[in-house]
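Visitor: My structure is stored as query.cif, with mmCIF, N, CA and C atoms.
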data_my_file
#
loop_
_atom_site.label_atom_id
_atom_site.label_comp_id
_atom_site.auth_asym_id
_atom_site.auth_seq_id
_atom_site.Cartn_x
_atom_site.Cartn_y
_atom_site.Cartn_z
N VAL A 225 15.59 -4.25 -14.29
CA VAL A 225 15.01 -3.22 -13.42
C VAL A 225 13.52 -3.48 -13.28
N GLN A 226 13.05 -3.39 -12.05
CA GLN A 226 11.63 -3.54 -11.80
C GLN A 226 11.12 -2.42 -10.93
N LEU A 227 9.93 -1.93 -11.26
CA LEU A 227 9.24 -0.96 -10.42
C LEU A 227 7.93 -1.59 -9.98
N GLN A 228 7.70 -1.61 -8.69
CA GLN A 228 6.50 -2.20 -8.14
C GLN A 228 5.67 -1.12 -7.48
N ALA A 229 4.54 -0.79 -8.10
CA ALA A 229 3.65 0.23 -7.54
C ALA A 229 2.55 -0.44 -6.73
N SER A 230 2.17 0.21 -5.64
CA SER A 230 1.11 -0.32 -4.79
C SER A 230 0.44 0.81 -4.03
N GLY A 231 -0.66 0.48 -3.36
CA GLY A 231 -1.32 1.45 -2.50
C GLY A 231 -2.65 1.96 -3.00
N GLY A 232 -3.02 1.59 -4.21
CA GLY A 232 -4.30 2.03 -4.73
C GLY A 232 -5.45 1.34 -4.04
N GLY A 233 -6.65 1.83 -4.33
CA GLY A 233 -7.83 1.23 -3.74
C GLY A 233 -9.04 2.12 -3.90
N LEU A 234 -10.09 1.75 -3.19
CA LEU A 234 -11.34 2.51 -3.20
C LEU A 234 -11.39 3.40 -1.96
N VAL A 235 -11.67 4.66 -2.17
CA VAL A 235 -11.73 5.60 -1.05
C VAL A 235 -12.87 6.58 -1.29
N GLU A 236 -13.48 7.05 -0.22
CA GLU A 236 -14.55 8.03 -0.34
C GLU A 236 -13.98 9.42 -0.62
N PRO A 237 -14.78 10.27 -1.22
CA PRO A 237 -14.32 11.65 -1.43
C PRO A 237 -13.86 12.29 -0.12
N GLY A 238 -12.76 12.99 -0.20
CA GLY A 238 -12.16 13.58 0.98
C GLY A 238 -11.16 12.68 1.68
N GLY A 239 -11.09 11.45 1.27
CA GLY A 239 -10.20 10.48 1.89
C GLY A 239 -8.76 10.60 1.42
N SER A 240 -7.94 9.70 1.92
CA SER A 240 -6.50 9.73 1.63
C SER A 240 -6.00 8.34 1.23
N LEU A 241 -4.97 8.37 0.42
CA LEU A 241 -4.25 7.15 0.06
C LEU A 241 -2.77 7.50 -0.08
N ARG A 242 -1.93 6.49 0.11
CA ARG A 242 -0.49 6.67 -0.10
C ARG A 242 -0.02 5.60 -1.08
N LEU A 243 0.47 6.06 -2.21
CA LEU A 243 1.01 5.15 -3.21
C LEU A 243 2.51 4.99 -2.99
N SER A 244 3.00 3.79 -3.26
CA SER A 244 4.42 3.51 -3.15
C SER A 244 4.93 2.94 -4.46
N CYS A 245 6.19 3.19 -4.74
CA CYS A 245 6.83 2.67 -5.94
C CYS A 245 8.23 2.19 -5.55
N ILE A 246 8.40 0.90 -5.49
CA ILE A 246 9.68 0.32 -5.07
C ILE A 246 10.48 -0.10 -6.30
N ALA A 247 11.71 0.38 -6.37
CA ALA A 247 12.58 0.06 -7.49
C ALA A 247 13.61 -0.98 -7.08
N SER A 248 13.92 -1.85 -8.01
CA SER A 248 14.97 -2.84 -7.77
C SER A 248 15.79 -3.00 -9.03
N GLY A 249 17.06 -3.30 -8.82
CA GLY A 249 17.93 -3.56 -9.95
C GLY A 249 18.57 -2.34 -10.57
N THR A 250 18.51 -1.22 -9.88
CA THR A 250 19.12 -0.02 -10.43
C THR A 250 19.47 0.94 -9.31
N ALA A 251 20.28 1.93 -9.65
CA ALA A 251 20.68 2.95 -8.67
C ALA A 251 19.58 4.00 -8.57
N PHE A 252 18.61 3.71 -7.75
CA PHE A 252 17.40 4.54 -7.65
C PHE A 252 17.73 6.00 -7.41
N ARG A 253 18.75 6.27 -6.64
CA ARG A 253 19.02 7.63 -6.20
C ARG A 253 19.33 8.59 -7.34
N ILE A 254 19.76 8.08 -8.49
CA ILE A 254 20.13 8.97 -9.59
C ILE A 254 18.94 9.34 -10.47
N PHE A 255 17.81 8.71 -10.22
CA PHE A 255 16.64 8.93 -11.06
C PHE A 255 15.70 9.96 -10.45
N ALA A 256 15.06 10.76 -11.31
CA ALA A 256 13.89 11.50 -10.89
C ALA A 256 12.72 10.53 -10.84
N VAL A 257 11.77 10.80 -9.98
CA VAL A 257 10.58 9.96 -9.85
C VAL A 257 9.37 10.77 -10.28
N HIS A 258 8.54 10.15 -11.08
CA HIS A 258 7.34 10.82 -11.58
C HIS A 258 6.13 9.92 -11.35
N TRP A 259 5.03 10.54 -11.02
CA TRP A 259 3.75 9.82 -10.95
C TRP A 259 2.84 10.39 -12.04
N TYR A 260 2.32 9.48 -12.84
CA TYR A 260 1.35 9.81 -13.88
C TYR A 260 0.02 9.15 -13.52
N ARG A 261 -1.02 9.62 -14.17
CA ARG A 261 -2.31 8.94 -14.02
C ARG A 261 -3.05 8.97 -15.35
N GLN A 262 -3.91 7.98 -15.51
CA GLN A 262 -4.71 7.89 -16.73
C GLN A 262 -6.11 7.47 -16.35
N ALA A 263 -7.04 8.37 -16.59
CA ALA A 263 -8.44 8.08 -16.35
C ALA A 263 -9.04 7.43 -17.60
N PRO A 264 -10.13 6.71 -17.44
CA PRO A 264 -10.75 6.07 -18.61
C PRO A 264 -11.06 7.06 -19.71
N GLY A 265 -10.62 6.75 -20.92
CA GLY A 265 -10.89 7.60 -22.05
C GLY A 265 -10.05 8.86 -22.14
N GLU A 266 -9.10 8.99 -21.22
CA GLU A 266 -8.25 10.18 -21.18
C GLU A 266 -6.80 9.82 -21.49
N GLN A 267 -6.03 10.85 -21.80
CA GLN A 267 -4.60 10.65 -21.99
C GLN A 267 -3.89 10.58 -20.65
N ARG A 268 -2.77 9.93 -20.63
CA ARG A 268 -1.96 9.87 -19.42
C ARG A 268 -1.43 11.27 -19.12
N GLU A 269 -1.51 11.66 -17.87
CA GLU A 269 -1.04 13.00 -17.49
C GLU A 269 -0.06 12.90 -16.33
N LEU A 270 0.87 13.84 -16.31
CA LEU A 270 1.85 13.91 -15.24
C LEU A 270 1.20 14.57 -14.03
N VAL A 271 1.34 13.92 -12.89
CA VAL A 271 0.73 14.42 -11.65
C VAL A 271 1.75 15.11 -10.76
N ALA A 272 2.90 14.47 -10.56
CA ALA A 272 3.89 15.01 -9.64
C ALA A 272 5.26 14.45 -9.98
N SER A 273 6.29 15.23 -9.66
CA SER A 273 7.66 14.83 -9.94
C SER A 273 8.55 15.23 -8.77
N ILE A 274 9.60 14.44 -8.57
CA ILE A 274 10.63 14.80 -7.60
C ILE A 274 11.97 14.44 -8.23
N THR A 275 12.89 15.40 -8.23
CA THR A 275 14.19 15.17 -8.84
C THR A 275 15.07 14.34 -7.90
N SER A 276 16.24 13.98 -8.42
CA SER A 276 17.18 13.23 -7.59
C SER A 276 17.65 14.05 -6.40
N ARG A 277 17.55 15.37 -6.53
CA ARG A 277 17.96 16.25 -5.42
C ARG A 277 16.82 16.59 -4.49
N GLY A 278 15.61 16.14 -4.83
CA GLY A 278 14.48 16.38 -3.94
C GLY A 278 13.60 17.55 -4.30
N ASN A 279 13.84 18.18 -5.43
CA ASN A 279 12.97 19.26 -5.87
C ASN A 279 11.67 18.68 -6.41
N THR A 280 10.56 19.31 -6.07
CA THR A 280 9.26 18.75 -6.43
C THR A 280 8.48 19.69 -7.35
N ALA A 281 7.55 19.10 -8.08
CA ALA A 281 6.64 19.88 -8.92
C ALA A 281 5.33 19.11 -9.02
N TYR A 282 4.24 19.87 -9.18
CA TYR A 282 2.91 19.26 -9.18
C TYR A 282 2.03 19.83 -10.29
N ALA A 283 1.13 19.02 -10.77
CA ALA A 283 0.08 19.52 -11.65
C ALA A 283 -0.82 20.44 -10.84
N ASP A 284 -1.36 21.46 -11.50
CA ASP A 284 -2.21 22.42 -10.79
C ASP A 284 -3.39 21.73 -10.13
N SER A 285 -3.88 20.68 -10.74
CA SER A 285 -5.08 20.01 -10.23
C SER A 285 -4.86 19.31 -8.90
N VAL A 286 -3.59 19.07 -8.52
CA VAL A 286 -3.33 18.33 -7.28
C VAL A 286 -2.53 19.15 -6.27
N LYS A 287 -2.12 20.35 -6.63
CA LYS A 287 -1.33 21.18 -5.72
C LYS A 287 -2.08 21.41 -4.42
N GLY A 288 -1.36 21.25 -3.33
CA GLY A 288 -1.96 21.46 -2.02
C GLY A 288 -2.66 20.23 -1.48
N ARG A 289 -2.84 19.21 -2.31
CA ARG A 289 -3.52 17.98 -1.87
C ARG A 289 -2.59 16.77 -1.92
N PHE A 290 -1.72 16.72 -2.90
CA PHE A 290 -0.81 15.59 -3.08
C PHE A 290 0.60 16.00 -2.68
N THR A 291 1.35 15.04 -2.16
CA THR A 291 2.75 15.27 -1.81
C THR A 291 3.59 14.10 -2.33
N ILE A 292 4.60 14.43 -3.12
CA ILE A 292 5.51 13.42 -3.62
C ILE A 292 6.77 13.43 -2.75
N SER A 293 7.31 12.25 -2.51
CA SER A 293 8.53 12.16 -1.70
C SER A 293 9.31 10.92 -2.13
N ARG A 294 10.49 10.77 -1.57
CA ARG A 294 11.31 9.63 -1.91
C ARG A 294 12.17 9.24 -0.72
N ASP A 295 12.51 7.97 -0.65
CA ASP A 295 13.41 7.45 0.36
C ASP A 295 14.46 6.64 -0.40
N ASN A 296 15.60 7.26 -0.63
CA ASN A 296 16.63 6.60 -1.44
C ASN A 296 17.17 5.34 -0.75
N ALA A 297 17.22 5.34 0.55
CA ALA A 297 17.72 4.17 1.27
C ALA A 297 16.80 2.96 1.05
N ALA A 298 15.53 3.23 0.84
CA ALA A 298 14.56 2.16 0.62
C ALA A 298 14.22 1.97 -0.86
N ASN A 299 14.89 2.73 -1.73
CA ASN A 299 14.63 2.65 -3.18
C ASN A 299 13.14 2.83 -3.49
N THR A 300 12.53 3.77 -2.80
CA THR A 300 11.08 3.90 -2.91
C THR A 300 10.66 5.35 -3.11
N GLY A 301 9.69 5.53 -4.00
CA GLY A 301 9.04 6.81 -4.17
C GLY A 301 7.62 6.72 -3.66
N TYR A 302 7.10 7.85 -3.19
CA TYR A 302 5.77 7.86 -2.60
C TYR A 302 4.92 8.98 -3.21
N LEU A 303 3.62 8.77 -3.19
CA LEU A 303 2.67 9.83 -3.53
C LEU A 303 1.58 9.79 -2.47
N GLU A 304 1.62 10.80 -1.59
CA GLU A 304 0.60 10.94 -0.55
C GLU A 304 -0.53 11.76 -1.13
N MET A 305 -1.73 11.20 -1.09
CA MET A 305 -2.88 11.87 -1.71
C MET A 305 -3.94 12.13 -0.65
N ASN A 306 -4.22 13.40 -0.42
CA ASN A 306 -5.23 13.80 0.54
C ASN A 306 -6.35 14.57 -0.16
N GLY A 307 -7.47 14.68 0.50
CA GLY A 307 -8.58 15.42 -0.10
C GLY A 307 -8.98 14.88 -1.45
N LEU A 308 -9.03 13.58 -1.55
CA LEU A 308 -9.30 12.96 -2.86
C LEU A 308 -10.70 13.31 -3.37
N ARG A 309 -10.77 13.47 -4.67
CA ARG A 309 -12.00 13.84 -5.36
C ARG A 309 -12.35 12.78 -6.38
N PRO A 310 -13.59 12.69 -6.78
CA PRO A 310 -13.95 11.70 -7.81
C PRO A 310 -13.13 11.86 -9.09
N GLU A 311 -12.76 13.08 -9.41
CA GLU A 311 -11.98 13.30 -10.63
C GLU A 311 -10.53 12.83 -10.50
N ASP A 312 -10.13 12.40 -9.32
CA ASP A 312 -8.80 11.80 -9.15
C ASP A 312 -8.81 10.32 -9.50
N THR A 313 -9.98 9.78 -9.77
CA THR A 313 -10.08 8.37 -10.13
C THR A 313 -9.30 8.10 -11.41
N ALA A 314 -8.37 7.15 -11.33
CA ALA A 314 -7.50 6.84 -12.47
C ALA A 314 -6.60 5.68 -12.10
N VAL A 315 -5.93 5.16 -13.10
CA VAL A 315 -4.80 4.25 -12.86
C VAL A 315 -3.56 5.13 -12.72
N TYR A 316 -2.85 4.94 -11.64
CA TYR A 316 -1.65 5.73 -11.36
C TYR A 316 -0.41 4.89 -11.66
N TYR A 317 0.53 5.51 -12.37
CA TYR A 317 1.75 4.85 -12.78
C TYR A 317 2.97 5.59 -12.22
N CYS A 318 3.94 4.84 -11.78
CA CYS A 318 5.20 5.48 -11.41
C CYS A 318 6.20 5.30 -12.54
N ASN A 319 7.06 6.27 -12.64
CA ASN A 319 8.08 6.32 -13.69
C ASN A 319 9.35 6.87 -13.07
N ILE A 320 10.46 6.26 -13.38
CA ILE A 320 11.74 6.84 -12.97
C ILE A 320 12.53 7.14 -14.22
N ARG A 321 13.20 8.28 -14.22
CA ARG A 321 13.84 8.74 -15.43
C ARG A 321 15.10 9.52 -15.06
N THR A 322 16.20 9.22 -15.77
CA THR A 322 17.41 10.00 -15.52
C THR A 322 17.26 11.39 -16.12
N GLN A 323 17.96 12.33 -15.55
CA GLN A 323 17.90 13.72 -16.01
C GLN A 323 19.07 13.97 -16.94
N SER A 324 18.96 13.46 -18.16
CA SER A 324 20.03 13.60 -19.14
C SER A 324 19.43 13.85 -20.51
N VAL A 325 20.29 14.15 -21.47
CA VAL A 325 19.82 14.47 -22.82
C VAL A 325 19.12 13.25 -23.43
N PHE A 326 19.69 12.10 -23.21
CA PHE A 326 19.06 10.85 -23.66
C PHE A 326 18.72 10.03 -22.42
N PRO A 327 17.56 10.31 -21.86
CA PRO A 327 17.23 9.70 -20.57
C PRO A 327 16.96 8.21 -20.65
N THR A 328 17.28 7.55 -19.58
CA THR A 328 16.87 6.17 -19.36
C THR A 328 15.66 6.19 -18.46
N GLN A 329 14.63 5.44 -18.79
CA GLN A 329 13.45 5.46 -17.96
C GLN A 329 12.83 4.08 -17.85
N TYR A 330 12.11 3.92 -16.76
CA TYR A 330 11.41 2.68 -16.48
C TYR A 330 10.03 3.01 -15.95
N TRP A 331 9.08 2.12 -16.25
CA TRP A 331 7.70 2.30 -15.82
C TRP A 331 7.30 1.15 -14.89
N GLY A 332 6.52 1.50 -13.90
CA GLY A 332 5.90 0.48 -13.08
C GLY A 332 4.54 0.12 -13.65
N GLN A 333 3.99 -0.95 -13.12
CA GLN A 333 2.62 -1.28 -13.51
C GLN A 333 1.68 -0.31 -12.80
N GLY A 334 0.51 -0.14 -13.29
CA GLY A 334 -0.41 0.82 -12.70
C GLY A 334 -1.06 0.29 -11.43
N THR A 335 -1.52 1.24 -10.63
CA THR A 335 -2.32 0.90 -9.46
C THR A 335 -3.59 1.76 -9.52
N LEU A 336 -4.73 1.11 -9.37
CA LEU A 336 -6.01 1.79 -9.57
C LEU A 336 -6.44 2.52 -8.31
N VAL A 337 -6.77 3.78 -8.49
CA VAL A 337 -7.35 4.60 -7.43
C VAL A 337 -8.77 4.96 -7.83
N THR A 338 -9.72 4.61 -7.00
CA THR A 338 -11.12 4.92 -7.26
C THR A 338 -11.67 5.74 -6.11
N VAL A 339 -12.16 6.93 -6.44
CA VAL A 339 -12.72 7.81 -5.42
C VAL A 339 -14.22 7.88 -5.66
N SER A 340 -14.96 7.31 -4.73
CA SER A 340 -16.41 7.23 -4.91
C SER A 340 -17.08 7.00 -3.58
N SER A 341 -18.29 7.53 -3.46
CA SER A 341 -19.07 7.29 -2.25
C SER A 341 -20.03 6.11 -2.47
#
Do you think you could lay out the structure here as structure tokens?

Guide:
Amino acid sequence: VQLQASGGGLVEPGGSLRLSCIASGTAFRIFAVHWYRQAPGEQRELVASITSRGNTAYADSVKGRFTISRDNAANTGYLEMNGLRPEDTAVYYCNIRTQSVFPTQYWGQGTLVTVSS
């Protein structure tokens, strides 16, 4: 199983980015998709989640600015980020995880998002 995350970059405050996470080698549709981020010197935090049925949840810090979505036909999860702030600067990681008592999960490599003028 491989997860390929992409879409990070340098953006000015107020700007937008769209992160993608492409899965291969597994039945993507059965997994929930999660986006985490880790800023320098900070712990990794959960930013947004979408279940296999499409239910979404967000950290309070990104509500109203970020949108998580998925395209099962393309085996891809997305994180649309608008109104970016300097405090959103971090390495963003995608994670897929089954919704079971003993979950199976996979991590993608990180993609760096830098918000700066």

Visitor: For the provided coordinates, the residues matched by the PyMOL selection byres ((chain A and resi 259) around 6) should be stated as a CSV table (one decimal) with N, CA and C atoms, in the frame of the given file.

Guide:
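result.csv was written with the following content:
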chain,number,residue,atom,x,y,z
A,257,VAL,N,11.8,10.8,-10.0
A,257,VAL,CA,10.6,10.0,-9.8
A,257,VAL,C,9.4,10.8,-10.3
A,258,HIS,N,8.5,10.2,-11.1
A,258,HIS,CA,7.3,10.8,-11.6
A,258,HIS,C,6.1,9.9,-11.4
A,260,TYR,N,2.3,9.5,-12.8
A,260,TYR,CA,1.4,9.8,-13.9
A,260,TYR,C,0.0,9.2,-13.5
A,261,ARG,N,-1.0,9.6,-14.2
A,261,ARG,CA,-2.3,8.9,-14.0
A,261,ARG,C,-3.0,9.0,-15.4
A,269,GLU,N,-1.5,11.7,-17.9
A,269,GLU,CA,-1.0,13.0,-17.5
A,269,GLU,C,-0.1,12.9,-16.3
A,270,LEU,N,0.9,13.8,-16.3
A,270,LEU,CA,1.8,13.9,-15.2
A,270,LEU,C,1.2,14.6,-14.0
A,271,VAL,N,1.3,13.9,-12.9
A,271,VAL,CA,0.7,14.4,-11.6
A,271,VAL,C,1.8,15.1,-10.8
A,272,ALA,N,2.9,14.5,-10.6
A,272,ALA,CA,3.9,15.0,-9.6
A,272,ALA,C,5.3,14.4,-10.0
A,273,SER,N,6.3,15.2,-9.7
A,273,SER,CA,7.7,14.8,-9.9
A,273,SER,C,8.6,15.2,-8.8
A,317,TYR,N,0.5,5.5,-12.4
A,317,TYR,CA,1.8,4.8,-12.8
A,317,TYR,C,3.0,5.6,-12.2
A,318,CYS,N,3.9,4.8,-11.8
A,318,CYS,CA,5.2,5.5,-11.4
A,318,CYS,C,6.2,5.3,-12.5
A,319,ASN,N,7.1,6.3,-12.6
A,319,ASN,CA,8.1,6.3,-13.7
A,319,ASN,C,9.4,6.9,-13.1

Visitor: Quick check on the file I pasted: which residues fall under the PyMOL selection byres ((chain A and resi 287-289) around 8)? Write them as a PyMOL selection string.

Guide: chain A and resi 271+281-286+290-292+304-308

Visitor: Using the selection just defined, write its residues with N, CA and C atoms as a tab-separated table (two decimals), in the frame of the given file.

Guide:
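again.tsv was written with the following content:
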chain	number	residue	atom	x	y	z
A	271	VAL	N	1.34	13.92	-12.89
A	271	VAL	CA	0.73	14.42	-11.65
A	271	VAL	C	1.75	15.11	-10.76
A	281	ALA	N	7.55	19.10	-8.08
A	281	ALA	CA	6.64	19.88	-8.92
A	281	ALA	C	5.33	19.11	-9.02
A	282	TYR	N	4.24	19.87	-9.18
A	282	TYR	CA	2.91	19.26	-9.18
A	282	TYR	C	2.03	19.83	-10.29
A	283	ALA	N	1.13	19.02	-10.77
A	283	ALA	CA	0.08	19.52	-11.65
A	283	ALA	C	-0.82	20.44	-10.84
A	284	ASP	N	-1.36	21.46	-11.50
A	284	ASP	CA	-2.21	22.42	-10.79
A	284	ASP	C	-3.39	21.73	-10.13
A	285	SER	N	-3.88	20.68	-10.74
A	285	SER	CA	-5.08	20.01	-10.23
A	285	SER	C	-4.86	19.31	-8.90
A	286	VAL	N	-3.59	19.07	-8.52
A	286	VAL	CA	-3.33	18.33	-7.28
A	286	VAL	C	-2.53	19.15	-6.27
A	290	PHE	N	-1.72	16.72	-2.90
A	290	PHE	CA	-0.81	15.59	-3.08
A	290	PHE	C	0.60	16.00	-2.68
A	291	THR	N	1.35	15.04	-2.16
A	291	THR	CA	2.75	15.27	-1.81
A	291	THR	C	3.59	14.10	-2.33
A	292	ILE	N	4.60	14.43	-3.12
A	292	ILE	CA	5.51	13.42	-3.62
A	292	ILE	C	6.77	13.43	-2.75
A	304	GLU	N	1.62	10.80	-1.59
A	304	GLU	CA	0.60	10.94	-0.55
A	304	GLU	C	-0.53	11.76	-1.13
A	305	MET	N	-1.73	11.20	-1.09
A	305	MET	CA	-2.88	11.87	-1.71
A	305	MET	C	-3.94	12.13	-0.65
A	306	ASN	N	-4.22	13.40	-0.42
A	306	ASN	CA	-5.23	13.80	0.54
A	306	ASN	C	-6.35	14.57	-0.16
A	307	GLY	N	-7.47	14.68	0.50
A	307	GLY	CA	-8.58	15.42	-0.10
A	307	GLY	C	-8.98	14.88	-1.45
A	308	LEU	N	-9.03	13.58	-1.55
A	308	LEU	CA	-9.30	12.96	-2.86
A	308	LEU	C	-10.70	13.31	-3.37

Visitor: Just the number, please: distance in Å from atom CA of Gln262 of chain A to atom N of Pro327 of chain A, one decimal.

Guide: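 Result for atom CA of Gln262 of chain A versus atom N of Pro327 of chain A: 23.0 Å, one decimal.
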
Visitor: Run through the PyMOL selection byres ((chain A and resi 310) around 8) on the given coordinates and return the selected residues as a list of chain:residue names.

Guide: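 Evaluating the PyMOL selection byres ((chain A and resi 310) around 8) on these coordinates yields A:Glu236, A:Pro237, A:Gly238, A:Gly307, A:Leu308, A:Arg309, A:Glu311, A:Asp312, A:Thr313, A:Ala314, A:Thr338, A:Val339, A:Ser340, A:Ser341.
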
Visitor: Hey, can you check how far atom CA of Thr328 of chain A sits from atom N of Val225 of chain A?

Guide: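 Separation of atom CA of Thr328 of chain A and atom N of Val225 of chain A: 11.7 Å.
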
Visitor: For the strand (DSSP E or B) assignment from backbone DSSP, which residues of segment 228-334 of chain A qualify? Please present them as a VMD selection string.

Guide: chain A and resid 228 to 230 233 to 235 241 to 248 255 to 262 269 to 274 280 to 282 290 to 295 300 to 305 314 to 322 329 to 331

Visitor: Would you mind reading off the distance between atom CA of Gln228 of chain A and atom CA of Phe255 of chain A, one decimal, in Å?

Guide: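 Going from atom CA of Gln228 of chain A over to atom CA of Phe255 of chain A covers 15.3 Å.
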
Visitor: My list of candidates is A:Ile274, A:Asn296, A:Gln323, A:Gly231. Which is closest to Arg253 of chain A when distances are computed with all atoms listed in the file?

Guide: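 Checking each candidate against Arg253 of chain A, we get A:Asn296 as the closest.
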
Visitor: Would you list the contacts of Asn299 of chain A as a short mmCIF file (atom, residue, chain, number, x, y, z; two decimals) with N, CA and C atoms, keeping the file's coordinate frame, taking every protein, DNA or RNA residue within 8 Å and counting only C-alpha atoms, but skipping same-chain residues closer than 5 positions in sequence?

Guide:
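Contents of the output file around-v9.cif:
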data_model
loop_
_atom_site.label_atom_id
_atom_site.label_comp_id
_atom_site.auth_asym_id
_atom_site.auth_seq_id
_atom_site.Cartn_x
_atom_site.Cartn_y
_atom_site.Cartn_z
N ILE A 246 8.40 0.90 -5.49
CA ILE A 246 9.68 0.32 -5.07
C ILE A 246 10.48 -0.10 -6.30
N ALA A 247 11.71 0.38 -6.37
CA ALA A 247 12.58 0.06 -7.49
C ALA A 247 13.61 -0.98 -7.08
N SER A 248 13.92 -1.85 -8.01
CA SER A 248 14.97 -2.84 -7.77
C SER A 248 15.79 -3.00 -9.03
N PHE A 252 18.61 3.71 -7.75
CA PHE A 252 17.40 4.54 -7.65
C PHE A 252 17.73 6.00 -7.41
N ARG A 253 18.75 6.27 -6.64
CA ARG A 253 19.02 7.63 -6.20
C ARG A 253 19.33 8.59 -7.34
N ARG A 294 10.49 10.77 -1.57
CA ARG A 294 11.31 9.63 -1.91
C ARG A 294 12.17 9.24 -0.72
#

Visitor: Give the answer as one residue: which of A:Cys245, A:Ala263, A:Leu303, A:Ile320 has the shortest atom-to-atom distance to Thr275 of chain A, using only C-alpha atoms?

Guide: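 Among the listed residues, A:Ile320 lies closest to Thr275 of chain A.
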
Visitor: Would you mind telling me which residue in A:Gly278, A:Val337, A:Leu243, A:Gly301 lies nearest to Pro264 of chain A when using only C-alpha atoms?

Guide: A:Val337
